[in-house]
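Engineer: What follows is coords-v8.txt, compact mmCIF, C-alpha atoms and all ligand atoms.
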# COMPACT_ATOMS: atom_id res chain seq x y z
CA MET A 277 0.00 0.00 0.00
CA ASP A 278 1.55 3.32 -1.05
CA ALA A 279 1.24 6.60 0.85
CA ALA A 280 -1.67 7.84 -1.31
CA GLU A 281 -3.72 4.70 -0.67
CA PHE A 282 -2.83 4.77 3.01
CA ARG A 283 -4.21 8.31 3.29
CA ARG A 284 -7.46 7.29 1.55
CA ARG A 285 -7.92 4.08 3.57
CA GLY A 286 -7.18 5.86 6.82
CA LYS A 287 -9.92 8.41 6.13
CA GLU A 288 -12.36 5.65 5.21
CA MET A 289 -11.60 3.95 8.51
CA VAL A 290 -12.28 7.12 10.48
CA ASP A 291 -15.66 7.30 8.72
CA TYR A 292 -16.37 3.68 9.63
CA VAL A 293 -15.67 4.36 13.30
CA ALA A 294 -17.72 7.60 13.28
CA ASP A 295 -20.68 5.77 11.67
CA TYR A 296 -20.39 3.05 14.28
CA LEU A 297 -20.49 5.57 17.12
CA GLU A 298 -23.39 7.47 15.56
CA ASN A 299 -25.48 4.34 15.19
CA ILE A 300 -24.40 2.47 18.27
CA GLU A 301 -27.89 2.39 19.81
CA LYS A 302 -29.12 0.22 16.92
CA ARG A 303 -26.66 -2.53 17.86
CA GLN A 304 -27.16 -5.27 20.47
CA VAL A 305 -25.49 -4.71 23.80
CA TYR A 306 -24.37 -8.33 24.14
CA PRO A 307 -23.50 -10.70 21.27
CA ASP A 308 -25.64 -13.81 20.74
CA VAL A 309 -23.04 -15.99 19.00
CA GLU A 310 -21.92 -19.34 20.42
CA PRO A 311 -18.31 -19.97 21.54
CA GLY A 312 -16.22 -21.07 18.57
CA TYR A 313 -18.45 -19.18 16.10
CA LEU A 314 -15.52 -17.43 14.43
CA ARG A 315 -13.30 -20.35 13.43
CA SER A 316 -15.82 -21.64 10.90
CA LEU A 317 -16.17 -18.22 9.27
CA ILE A 318 -12.56 -17.91 8.10
CA PRO A 319 -10.05 -20.24 6.37
CA GLU A 320 -7.91 -22.63 8.42
CA GLU A 321 -4.68 -21.23 7.05
CA ALA A 322 -3.24 -17.91 5.98
CA PRO A 323 -3.57 -17.26 2.22
CA GLU A 324 -0.57 -17.99 0.00
CA GLU A 325 -1.25 -15.00 -2.22
CA ALA A 326 -1.98 -11.42 -1.20
CA GLU A 327 -5.61 -10.36 -0.90
CA SER A 328 -6.95 -6.86 -1.42
CA TYR A 329 -7.64 -4.38 1.36
CA GLU A 330 -11.34 -4.38 0.36
CA ASP A 331 -11.56 -8.14 0.91
CA VAL A 332 -10.22 -7.82 4.45
CA VAL A 333 -12.33 -4.83 5.43
CA LYS A 334 -15.51 -6.47 4.09
CA ASP A 335 -14.90 -9.29 6.58
CA ILE A 336 -14.98 -6.95 9.58
CA GLU A 337 -18.78 -6.70 9.36
CA ARG A 338 -19.19 -10.42 8.54
CA VAL A 339 -16.71 -11.97 11.01
CA ILE A 340 -15.88 -9.51 13.77
CA MET A 341 -18.95 -7.37 14.42
CA PRO A 342 -21.35 -10.21 15.28
CA GLY A 343 -18.94 -11.18 18.07
CA ALA A 344 -18.26 -7.55 19.16
CA ALA A 345 -15.02 -7.22 21.21
CA SER A 346 -15.53 -10.55 22.88
CA PRO A 347 -15.63 -13.37 21.99
CA ALA A 348 -14.29 -12.06 18.63
CA CYS A 349 -11.05 -10.77 20.20
CA THR A 350 -10.29 -14.07 21.95
CA GLU A 351 -11.30 -16.26 19.02
CA LEU A 352 -9.51 -14.34 16.26
CA GLU A 353 -6.36 -14.39 18.37
CA THR A 354 -6.50 -18.16 18.81
CA VAL A 355 -7.04 -18.70 15.09
CA MET A 356 -4.34 -16.18 14.06
CA LEU A 357 -1.81 -17.94 16.31
CA ASP A 358 -2.81 -21.20 14.62
CA TRP A 359 -2.32 -19.58 11.19
CA LEU A 360 1.09 -18.30 12.20
CA GLY A 361 2.02 -21.61 13.86
CA LYS A 362 1.19 -23.38 10.58
CA MET A 363 3.30 -20.88 8.62
CA LEU A 364 6.24 -21.85 10.86
CA LYS A 365 5.36 -25.53 10.62
CA LEU A 366 5.23 -25.78 14.40
CA PRO A 367 4.46 -29.29 15.64
CA GLU A 368 0.70 -29.98 15.93
CA ASP A 369 1.07 -29.97 19.76
CA PHE A 370 1.46 -26.21 19.81
CA LEU A 371 -1.74 -25.51 17.88
CA ALA A 372 -5.10 -24.98 19.52
CA GLY A 373 -7.23 -26.34 16.66
CA THR A 374 -10.66 -27.21 18.00
CA GLU A 375 -9.55 -29.69 20.64
CA GLY A 376 -5.76 -29.35 20.97
CA ARG A 377 -4.15 -29.01 24.38
CA GLY A 378 -1.67 -26.38 23.21
CA GLY A 379 -2.14 -23.00 21.60
CA GLY A 380 -0.89 -19.50 21.18
CA VAL A 381 -1.39 -16.14 22.78
CA ILE A 382 -0.17 -12.63 21.97
CA GLN A 383 2.04 -11.10 24.64
CA GLY A 384 3.30 -7.52 24.54
CA THR A 385 6.99 -8.40 24.34
CA ALA A 386 9.43 -11.30 24.33
CA SER A 387 10.48 -10.24 27.83
CA GLU A 388 6.95 -10.91 29.11
CA ALA A 389 6.81 -14.26 27.33
CA THR A 390 10.04 -15.41 28.99
CA LEU A 391 8.81 -14.26 32.39
CA ILE A 392 5.45 -16.02 31.96
CA ALA A 393 7.20 -19.23 30.89
CA LEU A 394 9.56 -19.07 33.86
CA LEU A 395 6.74 -18.45 36.33
CA ALA A 396 4.66 -21.28 34.86
CA ALA A 397 7.67 -23.61 35.07
CA ARG A 398 8.28 -22.54 38.66
CA SER A 399 4.69 -23.27 39.63
CA LYS A 400 4.81 -26.64 37.84
CA ILE A 401 8.00 -27.86 39.55
CA VAL A 402 6.75 -26.81 42.98
CA LYS A 403 3.55 -28.85 42.47
CA LEU A 404 5.52 -31.80 41.11
CA ILE A 405 7.86 -31.91 44.10
CA GLN A 406 5.09 -31.36 46.63
CA ALA A 407 3.14 -34.27 45.13
CA ASP A 408 5.94 -36.59 46.36
CA HIS A 409 6.93 -34.55 49.43
CA PRO A 410 3.82 -32.83 50.83
CA ASP A 411 5.84 -31.63 53.83
CA ARG A 412 8.24 -29.50 51.73
CA SER A 413 7.30 -25.84 51.75
CA GLU A 414 7.06 -23.75 48.60
CA THR A 415 9.63 -21.31 50.00
CA ASP A 416 12.09 -24.12 50.62
CA ILE A 417 11.68 -25.52 47.09
CA ILE A 418 11.93 -22.10 45.40
CA SER A 419 15.15 -21.34 47.29
CA LYS A 420 16.76 -24.38 45.59
CA LEU A 421 15.55 -23.71 42.04
CA VAL A 422 17.98 -22.89 39.26
CA ALA A 423 17.28 -21.68 35.72
CA TYR A 424 19.71 -21.54 32.76
CA SER A 425 20.29 -19.54 29.63
CA SER A 426 23.11 -18.81 27.21
CA ASP A 427 25.76 -16.25 28.14
CA GLN A 428 24.60 -14.66 24.85
CA ALA A 429 20.95 -14.49 25.96
CA HIS A 430 19.06 -11.19 26.00
CA SER A 431 19.10 -9.19 29.24
CA SER A 432 15.35 -9.81 29.60
CA VAL A 433 16.10 -13.46 30.40
CA GLU A 434 18.29 -12.53 33.34
CA ARG A 435 15.61 -10.09 34.42
CA ALA A 436 12.95 -12.85 34.33
CA GLY A 437 15.09 -14.72 36.85
CA LEU A 438 15.30 -11.62 39.04
CA ILE A 439 11.55 -11.01 38.98
CA GLY A 440 10.83 -14.72 39.41
CA GLY A 441 13.12 -14.84 42.43
CA VAL A 442 15.24 -17.74 41.18
CA ARG A 443 18.93 -18.26 40.39
CA MET A 444 19.75 -17.81 36.72
CA LYS A 445 22.99 -19.32 35.43
CA LYS A 446 24.58 -18.32 32.15
CA MET A 447 25.88 -21.22 30.10
CA PRO A 448 29.14 -20.93 28.17
CA THR A 449 28.88 -21.10 24.38
CA ASP A 450 31.01 -22.76 21.68
CA SER A 451 33.01 -21.06 18.90
CA LYS A 452 29.75 -20.28 17.06
CA PHE A 453 28.25 -18.70 20.20
CA SER A 454 25.78 -21.60 20.67
CA VAL A 455 25.03 -23.49 23.88
CA ARG A 456 25.69 -27.21 23.33
CA GLY A 457 24.23 -30.25 25.06
CA ALA A 458 27.49 -31.25 26.80
CA ALA A 459 27.76 -27.84 28.51
CA LEU A 460 24.25 -28.18 29.94
CA GLN A 461 24.80 -31.79 30.99
CA LYS A 462 27.92 -30.82 32.92
CA VAL A 463 26.34 -27.98 34.88
CA LEU A 464 23.22 -30.04 35.64
CA GLU A 465 25.35 -32.77 37.24
CA GLU A 466 27.22 -30.21 39.34
CA ASP A 467 24.07 -28.41 40.42
CA ARG A 468 22.15 -31.57 41.32
CA ALA A 469 25.14 -32.76 43.34
CA ALA A 470 25.04 -29.43 45.20
CA GLY A 471 21.38 -30.01 46.13
CA LEU A 472 19.93 -27.52 43.66
CA ILE A 473 16.81 -28.14 41.56
CA PRO A 474 17.24 -27.34 37.83
CA PHE A 475 13.80 -26.46 36.42
CA PHE A 476 14.01 -24.05 33.44
CA PHE A 477 16.19 -23.57 30.39
CA CYS A 478 15.73 -20.60 28.09
CA ALA A 479 17.26 -21.38 24.69
CA THR A 480 17.87 -18.55 22.24
CA LEU A 481 17.42 -18.92 18.49
CA GLY A 482 19.00 -15.82 17.00
CA THR A 483 20.92 -14.16 19.83
CA THR A 484 20.95 -10.39 20.04
CA PRO A 485 24.75 -9.90 19.74
CA SER A 486 25.44 -12.15 16.72
CA CYS A 487 22.25 -14.04 15.73
CA ALA A 488 23.63 -17.36 17.01
CA PHE A 489 21.46 -20.43 17.53
CA ASP A 490 21.54 -22.64 20.62
CA CYS A 491 21.68 -26.31 19.68
CA ILE A 492 18.14 -27.26 20.69
CA THR A 493 18.32 -30.69 19.06
CA GLU A 494 20.95 -31.55 21.72
CA LEU A 495 19.50 -29.47 24.57
CA GLY A 496 15.85 -30.45 24.12
CA PRO A 497 16.18 -34.18 24.85
CA ILE A 498 18.27 -33.40 27.97
CA CYS A 499 15.62 -30.97 29.24
CA ASN A 500 12.85 -33.49 28.56
CA ALA A 501 14.68 -36.30 30.35
CA GLU A 502 15.50 -34.06 33.35
CA LYS A 503 11.98 -32.57 33.57
CA ILE A 504 13.31 -29.09 32.84
CA TRP A 505 10.96 -26.67 31.08
CA MET A 506 12.54 -25.57 27.80
CA HIS A 507 11.45 -22.16 26.58
CA ILE A 508 12.71 -20.85 23.23
CA ASP A 509 13.30 -17.14 22.74
CA ALA A 510 13.45 -16.47 18.99
CA ALA A 511 12.34 -12.82 19.28
CA TYR A 512 14.10 -11.65 16.14
CA ALA A 513 14.89 -14.79 14.12
CA GLY A 514 11.49 -16.45 14.48
CA SER A 515 9.96 -14.57 11.55
CA ALA A 516 12.47 -16.19 9.15
CA PHE A 517 11.18 -19.68 9.95
CA ILE A 518 8.20 -19.09 7.61
CA CYS A 519 10.70 -19.71 4.77
CA PRO A 520 11.38 -23.42 4.13
CA GLU A 521 15.12 -22.73 3.69
CA PHE A 522 15.34 -21.26 7.23
CA ARG A 523 12.93 -23.68 8.92
CA PRO A 524 15.74 -26.18 9.76
CA LEU A 525 16.99 -23.56 12.27
CA LEU A 526 13.86 -24.35 14.29
CA ASN A 527 14.44 -28.12 14.33
CA GLY A 528 14.23 -29.34 17.93
CA VAL A 529 11.24 -27.11 18.75
CA GLU A 530 9.35 -30.36 19.29
CA PHE A 531 11.21 -30.72 22.62
CA ALA A 532 10.17 -27.25 23.84
CA ASP A 533 7.41 -26.50 26.34
CA SER A 534 7.01 -22.95 25.08
CA PHE A 535 8.19 -20.94 22.10
CA ASN A 536 8.08 -17.24 21.37
CA PHE A 537 9.00 -14.70 18.70
CA ASN A 538 8.10 -11.12 17.84
CA PRO A 539 6.14 -10.56 14.62
CA HIS A 540 6.59 -6.88 15.53
CA LYS A 541 10.31 -7.22 14.91
CA TRP A 542 10.50 -8.69 11.45
CA LEU A 543 7.07 -9.70 10.15
CA LEU A 544 5.58 -6.32 9.35
CA VAL A 545 3.13 -6.29 12.26
CA ASN A 546 3.23 -3.06 14.27
CA PHE A 547 4.48 -3.02 17.85
CA ASP A 548 3.37 -4.62 20.09
CA CYS A 549 2.85 -8.20 19.02
CA SER A 550 4.87 -11.04 20.53
CA ALA A 551 3.57 -14.50 19.66
CA MET A 552 3.87 -17.22 22.28
CA TRP A 553 2.87 -20.87 22.03
CA VAL A 554 2.73 -23.56 24.69
CA LYS A 555 2.33 -27.30 24.35
CA LYS A 556 0.04 -27.55 27.35
CA ARG A 557 -2.26 -24.65 28.04
CA SER A 558 -3.01 -26.19 31.41
CA ASP A 559 0.60 -25.52 32.56
CA ILE A 560 0.14 -21.80 32.14
CA ILE A 561 -3.45 -21.61 33.26
CA GLY A 562 -2.56 -23.80 36.27
CA ALA A 563 -0.06 -21.16 37.34
CA PHE A 564 -2.11 -17.99 36.91
CA LYS A 565 -5.83 -18.72 36.94
CA MET A 566 -7.95 -16.48 39.16
CA GLU A 567 -11.71 -16.64 39.28
CA PRO A 568 -13.42 -13.95 41.31
CA LEU A 569 -17.19 -13.69 41.00
CA TYR A 570 -17.09 -10.60 38.79
CA LEU A 571 -15.25 -12.64 36.12
CA LYS A 572 -17.59 -15.63 36.10
CA HIS A 573 -19.67 -16.11 32.96
CA ASP A 574 -21.47 -18.83 30.98
CA HIS A 575 -18.60 -19.71 28.67
CA GLN A 576 -15.63 -20.04 31.02
CA GLU A 577 -14.39 -23.26 29.45
CA SER A 578 -14.19 -21.78 25.95
CA GLY A 579 -10.80 -20.20 26.49
CA ASN A 580 -9.75 -16.96 28.08
CA GLN A 581 -6.29 -15.60 27.37
CA SER A 582 -6.42 -13.43 30.49
CA HIS A 583 -5.24 -16.52 32.35
CA TRP A 584 -2.04 -16.53 30.26
CA GLN A 585 -0.71 -13.12 31.14
CA ILE A 586 -0.15 -10.61 33.93
CA PRO A 587 -2.85 -7.99 33.13
CA LEU A 588 -6.51 -8.91 33.00
CA GLY A 589 -7.55 -6.60 30.14
CA ARG A 590 -6.43 -7.28 26.59
CA ARG A 591 -6.30 -5.32 23.36
CA PHE A 592 -7.54 -6.65 20.00
CA ARG A 593 -4.01 -7.20 18.67
CA SER A 594 -4.86 -10.11 16.40
CA LEU A 595 -6.68 -7.74 14.01
CA LYS A 596 -3.38 -6.36 12.79
CA MET A 597 -2.02 -9.88 12.22
CA TRP A 598 -5.14 -10.73 10.23
CA PHE A 599 -4.68 -7.66 8.04
CA VAL A 600 -0.94 -8.19 7.49
CA PHE A 601 -1.16 -11.93 6.76
CA ARG A 602 -3.94 -11.41 4.22
CA MET A 603 -2.60 -8.31 2.53
CA TYR A 604 0.87 -9.81 2.02
CA GLY A 605 -0.04 -13.49 1.79
CA LEU A 606 2.51 -16.09 2.89
CA LYS A 607 4.45 -15.57 -0.35
CA GLY A 608 4.69 -11.83 0.20
CA LEU A 609 5.97 -12.29 3.74
CA GLN A 610 8.54 -14.86 2.61
CA ALA A 611 9.72 -12.51 -0.13
CA TYR A 612 10.16 -9.77 2.48
CA ILE A 613 12.36 -11.95 4.72
CA ARG A 614 14.40 -13.18 1.73
CA LYS A 615 14.99 -9.67 0.54
CA HIS A 616 16.43 -8.61 3.89
CA VAL A 617 18.65 -11.68 4.12
CA GLY A 618 19.84 -10.99 0.56
CA LEU A 619 20.71 -7.40 1.51
CA ALA A 620 22.68 -8.61 4.55
CA LYS A 621 24.61 -11.03 2.30
CA GLU A 622 25.27 -8.17 -0.10
CA PHE A 623 26.79 -6.18 2.75
CA GLU A 624 28.80 -9.21 3.86
CA THR A 625 30.27 -9.53 0.34
CA LEU A 626 31.32 -5.87 0.41
CA VAL A 627 33.02 -6.32 3.80
CA ARG A 628 34.82 -9.50 2.71
CA ALA A 629 36.15 -7.79 -0.40
CA ASP A 630 37.96 -5.24 1.77
CA GLN A 631 41.19 -6.65 3.25
CA ARG A 632 41.11 -4.20 6.16
CA PHE A 633 37.98 -5.81 7.60
CA GLU A 634 36.81 -9.19 8.85
CA ILE A 635 33.44 -10.86 9.41
CA SER A 636 33.04 -11.81 13.08
CA ALA A 637 30.15 -14.31 13.02
CA ASP A 638 28.28 -16.38 10.40
CA VAL A 639 25.78 -14.25 8.50
CA VAL A 640 22.62 -16.34 8.69
CA LEU A 641 19.77 -13.79 8.54
CA GLY A 642 19.66 -9.99 8.41
CA LEU A 643 22.58 -9.19 10.74
CA VAL A 644 26.24 -8.73 9.76
CA CYS A 645 28.86 -8.64 12.55
CA PHE A 646 32.12 -7.16 11.30
CA ARG A 647 35.20 -5.26 12.48
CA PHE A 648 38.48 -3.73 11.50
CA LYS A 649 41.34 -6.20 11.71
CA GLY A 650 42.88 -4.34 14.63
CA SER A 651 42.47 -3.26 18.19
CA ASN A 652 39.19 -2.83 20.03
CA GLU A 653 40.12 0.80 20.50
CA LEU A 654 40.36 1.34 16.75
CA ASN A 655 36.94 -0.25 16.25
CA GLU A 656 35.41 1.84 19.01
CA THR A 657 36.74 4.99 17.35
CA LEU A 658 35.36 3.91 13.98
CA LEU A 659 31.93 3.27 15.50
CA LYS A 660 31.95 6.65 17.23
CA ARG A 661 32.67 8.36 13.94
CA ILE A 662 30.00 6.39 12.07
CA ASN A 663 27.35 7.25 14.63
CA ARG A 664 28.48 10.84 15.01
CA ALA A 665 28.02 11.40 11.26
CA ARG A 666 24.33 10.44 11.74
CA LYS A 667 23.88 8.95 8.24
CA ILE A 668 23.49 5.42 9.52
CA HIS A 669 23.35 4.05 13.04
CA LEU A 670 25.15 0.92 14.25
CA VAL A 671 24.92 -0.78 17.64
CA PRO A 672 28.04 -2.70 18.72
CA CYS A 673 28.52 -5.93 20.63
CA GLN A 674 31.29 -7.83 22.33
CA LEU A 675 32.14 -11.26 20.88
CA ALA A 676 34.83 -13.39 22.52
CA GLY A 677 36.46 -10.27 23.94
CA LYS A 678 36.38 -8.39 20.67
CA PHE A 679 34.55 -5.12 20.03
CA VAL A 680 32.34 -5.80 17.01
CA LEU A 681 30.17 -3.59 14.79
CA ARG A 682 26.70 -4.81 13.84
CA PHE A 683 24.99 -3.94 10.57
CA ALA A 684 21.30 -4.86 10.80
CA VAL A 685 18.86 -4.72 7.89
CA CYS A 686 15.46 -4.12 9.43
CA ALA A 687 13.51 -1.31 7.79
CA ARG A 688 10.62 -2.14 5.47
CA THR A 689 11.91 0.19 2.79
CA THR A 690 15.61 -0.81 2.71
CA GLU A 691 16.96 -1.34 -0.82
CA SER A 692 20.31 -2.37 -2.29
CA ARG A 693 21.25 1.26 -2.87
CA HIS A 694 21.00 1.95 0.88
CA VAL A 695 23.34 -0.94 1.64
CA GLN A 696 25.83 0.22 -1.00
CA GLU A 697 25.73 3.79 0.31
CA ALA A 698 26.16 2.60 3.89
CA TRP A 699 29.23 0.59 2.95
CA SER A 700 30.89 3.36 0.96
CA HIS A 701 30.26 5.70 3.90
CA ILE A 702 31.81 3.25 6.38
CA SER A 703 34.72 2.53 4.09
CA HIS A 704 35.38 6.24 3.59
CA LEU A 705 35.39 6.90 7.36
CA ALA A 706 37.69 3.89 7.79
CA SER A 707 40.19 5.29 5.29
CA GLU A 708 40.18 8.67 7.04
CA LEU A 709 40.79 7.01 10.37
CA LEU A 710 43.66 4.85 9.08
CA GLN A 711 45.38 7.84 7.47
CA GLU A 712 45.48 9.58 10.84
CA LEU A 713 47.31 6.69 12.50
CA PRO A 714 51.08 6.91 12.83
CA HIS A 715 52.79 4.84 10.10
C1 LIG H 1 14.71 -8.15 20.89
C2 LIG H 1 14.95 -9.35 21.69
C3 LIG H 1 14.36 -9.50 22.95
C4 LIG H 1 13.54 -8.42 23.60
O1 LIG H 1 12.33 -8.29 22.98
P1 LIG H 1 11.12 -7.47 23.67
O2 LIG H 1 9.95 -7.92 22.87
O3 LIG H 1 11.42 -6.02 23.50
O4 LIG H 1 11.04 -7.87 25.08
C5 LIG H 1 14.56 -10.68 23.63
N1 LIG H 1 15.31 -11.66 23.11
C6 LIG H 1 15.90 -11.55 21.91
C7 LIG H 1 16.71 -12.69 21.39
C8 LIG H 1 15.74 -10.39 21.15
O5 LIG H 1 16.33 -10.29 19.95
How does this structure look as structure tokens?
Structural biologist:
Amino acid sequence: MDAAEFRRRGKEMVDYVADYLENIEKRQVYPDVEPGYLRSLIPEEAPEEAESYEDVVKDIERVIMPGAASPACTELETVMLDWLGKMLKLPEDFLAGTEGRGGGVIQGTASEATLIALLAARSKIVKLIQADHPDRSETDIISKLVAYSSDQAHSSVERAGLIGGVRMKKMPTDSKFSVRGAALQKVLEEDRAAGLIPFFFCATLGTTPSCAFDCITELGPICNAEKIWMHIDAAYAGSAFICPEFRPLLNGVEFADSFNFNPHKWLLVNFDCSAMWVKKRSDIIGAFKMEPLYLKHDHQESGNQSHWQIPLGRRFRSLKMWFVFRMYGLKGLQAYIRKHVGLAKEFETLVRADQRFEISADVVLGLVCFRFKGSNELNETLLKRINRARKIHLVPCQLAGKFVLRFAVCARTTESRHVQEAWSHISHLASELLQELPH
């Protein structure tokens, strides 16, 4: 949709809302649809090809309005998470379908998803242990719990441990910045011997510093055997798994208890929209369900995502997924991901062709980690100059003790010419810097 159409559609939407408000007294106060009414009104999967804006808007009156805010909000969300789960080829266990035990929910951020998973895991392990040892207090058990993540994991994972009141240990990574099975096995043995209770592992697919992937095909079976909840944080990289060529990066998800990524990062859905799936809804609901009288109603069993999150109230965030999935179609979304990965590879080629620079981590998706072959100090100076010029903006990271520059392709409108311009700008600033050094 170009700017001209966006202006026109926006004005039409304001009219729609104004008409609704003007005629609101003609509408029923309470919907008379049955639970599950919505699923049968829309396809079971996202369309392959793009649909028109008119097609989507027409469906608002047909699909959404009869169910008002609820149940339409709850039901569209469940079905959209099934659509998205199918795009990623998630195992059947994670889908809600009509009678599945799993399912998806939209959280605000990946940070919340990790926290929810950790709290659900904490509640589950306490119940499990108390089933065998009714005399052990919750406080005593919680004081022995230990959770794990990669030393490359996002800061939100460490924070989840802080809020959840449990130890969080950072696992060392291999030369590709991935956590491997042997590393986890070793620390589990040590911690069990010390009387601790391992209960949660947060794997990262697509780490923030270098887009590295923890080896979940090795880690998953260990977690399953040791009754450790495995959560997967794929906040950034998850969007790429809709492309068959990147789907192997998600192999091992079948061992996970919960999985999360942010369509608001790389799948064209506006902030906020963080998609989270669990294999067993009952694990989450078991941890958080509250049922005061003012929340009791006739259809309690039909699903209520308020039990899956910290707030009670919820926004109608699945509407924007519905619009994006239909207006791009699966093919359009795949093309978008592929374009960004192609642009990152283009930048990688430019860096590799310049003998003064090196690539610091495998370029798998839209992120290129690179640096001057030289001291950290030199790289820090180069970054300062790049950012001070304000033409492009780079965020650095530290990899194996080295100061590294990160080039991330993430804007909807990025084209090859932007990448070429960015590189010639960087290379020019690099030459200036090198000329100033004593020879
Ligand atoms: C961006 C990112 C996060 C944080 O995402 P929020 O949705 O802002 O909480 C967490 N983990 C990884 C791997 C990320 O890339």
Engineer: Check the smallest atom-to-atom distance from each of A:Cys549, A:Ser431, A:His409, A:Ala511 to Phe592 (chain A) using all atoms listed in the file, then report the winner.
Structural biologist: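 Checking each of A:Cys549, A:Ser431, A:His409, A:Ala511 against Phe592 (chain A), counting all atoms listed in the file, the winner is A:Cys549.
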Engineer: Would you give me, as CSV, each residue of chain A having an atom within 6 Å of an atom of ligand LIG 1 (chain H), along with its shortest atom pair and that distance in Å to one decimal, using all atoms listed in the file and sorting by chain and residue number?
Structural biologist:
residue,atom,partner,partner_atom,distance
A:Thr385,CA,H:LIG1,O2,3.3
A:Ala386,CA,H:LIG1,O2,3.7
A:Ser387,CA,H:LIG1,O4,3.7
A:His430,CA,H:LIG1,N1,4.8
A:Gly482,CA,H:LIG1,C7,5.9
A:Thr483,CA,H:LIG1,C7,4.7
A:Thr484,CA,H:LIG1,O5,4.6
A:Asp509,CA,H:LIG1,C7,5.8
A:Ala510,CA,H:LIG1,C7,5.5
A:Ala511,CA,H:LIG1,C8,4.6
A:Tyr512,CA,H:LIG1,O5,4.6
Engineer: Show which residues sit within 9 Å of region 608-611 of chain A, as a ChimeraX atom specification. Count all atoms listed in the file, and ignore same-chain residues fewer than 3 positions away.
Structural biologist: /A:324-326,516,518-519,543-544,600-601,603-605,614-616
Engineer: Select, from A:Ser451, A:Thr480, A:Ser399, A:Gln383, the residue with the minimum atom-to-atom distance to Ser425 (chain A), counting all atoms listed in the file.
Structural biologist: A:Thr480
Engineer: Nearest residue to Ala397 (chain A) out of A:Val309, A:Leu526, A:Ile382, A:Ile560, using all atoms listed in the file?
Structural biologist: A:Ile560
Engineer: Hey, what's within 12 Å of Gly379 (chain A) if we count only C-alpha atoms and toss same-chain stuff fewer than 6 positions away? As a VMD selection string, please?
Structural biologist: chain A and resid 351 353 to 362 366 to 373 533 to 536 551 to 561 579 to 581 584
Engineer: Do you have the CA of Gln696 (chain A)-CA of Ala629 (chain A) distance handy?
Structural biologist: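 Calculated distance between CA of Gln696 (chain A) and CA of Ala629 (chain A) is 13.1 Å.
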Engineer: Fewer than 4 positions away in the same chain doesn't count, so skip those; otherwise give me all residues within 7 Å of Phe531 (chain A), counting all atoms listed in the file, as an mmCIF file with C-alpha atoms, keeping the file's coordinate frame.
Structural biologist:
data_model
loop_
_atom_site.group_PDB
_atom_site.id
_atom_site.type_symbol
_atom_site.label_atom_id
_atom_site.label_comp_id
_atom_site.auth_asym_id
_atom_site.auth_seq_id
_atom_site.Cartn_x
_atom_site.Cartn_y
_atom_site.Cartn_z
ATOM 1 C CA GLY A 496 15.850 -30.450 24.120
ATOM 2 C CA PRO A 497 16.180 -34.180 24.850
ATOM 3 C CA ASN A 500 12.850 -33.490 28.560
#
Engineer: Quick check, in Å to one decimal: how far apart do CA of Ala458 (chain A) and CA of Cys491 (chain A) lie?
Structural biologist: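 Taking CA of Ala458 (chain A) and CA of Cys491 (chain A), their separation equals 10.4 Å.
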Engineer: Rounded to one decimal in Å, what is the spacing between CA of Phe453 (chain A) and CA of Glu465 (chain A)?
Structural biologist: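 Pair CA of Phe453 (chain A) / CA of Glu465 (chain A) returns 22.3 Å.
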Engineer: Given the point (28.8, -22.0, 25.5) in the file's coordinates, find the residues that have an atom at most 12 Å from it, counting only C-alpha atoms, and give them as a PyMOL selection string.
Structural biologist: chain A and resi 424-429+445-463+479-480+488-491+495+676
Engineer: Counting only C-alpha atoms, which residues sit no farther than 12 Å from the position (-13.3, -6.0, 3.1) in the file's frame? I'd like them as a compact mmCIF listing (two decimals) with C-alpha atoms, in the frame of the given file.
Structural biologist:
# COMPACT_ATOMS: atom_id res chain seq x y z
CA ARG A 285 -7.92 4.08 3.57
CA GLU A 288 -12.36 5.65 5.21
CA MET A 289 -11.60 3.95 8.51
CA GLU A 327 -5.61 -10.36 -0.90
CA SER A 328 -6.95 -6.86 -1.42
CA TYR A 329 -7.64 -4.38 1.36
CA GLU A 330 -11.34 -4.38 0.36
CA ASP A 331 -11.56 -8.14 0.91
CA VAL A 332 -10.22 -7.82 4.45
CA VAL A 333 -12.33 -4.83 5.43
CA LYS A 334 -15.51 -6.47 4.09
CA ASP A 335 -14.90 -9.29 6.58
CA ILE A 336 -14.98 -6.95 9.58
CA GLU A 337 -18.78 -6.70 9.36
CA ARG A 338 -19.19 -10.42 8.54
CA VAL A 339 -16.71 -11.97 11.01
CA ILE A 340 -15.88 -9.51 13.77
CA TRP A 598 -5.14 -10.73 10.23
CA PHE A 599 -4.68 -7.66 8.04
CA ARG A 602 -3.94 -11.41 4.22
CA MET A 603 -2.60 -8.31 2.53
Engineer: Looking at A:Leu713, A:Val545, A:Ala436, A:Ala637, which one is nearest to Met597 (chain A), with distances taken over all atoms listed in the file?
Structural biologist: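 Closest to Met597 (chain A), using all atoms listed in the file: A:Val545.
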Engineer: Pick out the closest residue to Asp308 (chain A) from this set: A:Ser651, A:Ala344, A:Leu675, A:Leu705. Count all atoms listed in the file.
Structural biologist: A:Ala344
Engineer: Which is closest to Val680 (chain A) among A:Ala620, A:Leu658, A:Ala698, A:Cys499, if we use all atoms listed in the file?
Structural biologist: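 Under the stated criterion, the closest residue is A:Leu658.
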Engineer: Need the shell around Ile668 (chain A): protein/DNA/RNA residues with any atom at most 9 Å away, counting all atoms listed in the file. Skip same-chain ones fewer than 3 positions apart. Format as a PDB file with C-alpha atoms, keeping the file's coordinate frame?
Structural biologist:
ATOM      1  CA  ILE A 662      30.000   6.390  12.070  1.00  0.00           C
ATOM      2  CA  ASN A 663      27.350   7.250  14.630  1.00  0.00           C
ATOM      3  CA  ALA A 665      28.020  11.400  11.260  1.00  0.00           C
ATOM      4  CA  ALA A 698      26.160   2.600   3.890  1.00  0.00           C
ATOM      5  CA  HIS A 701      30.260   5.700   3.900  1.00  0.00           C
TER       6      HIS A 701
END
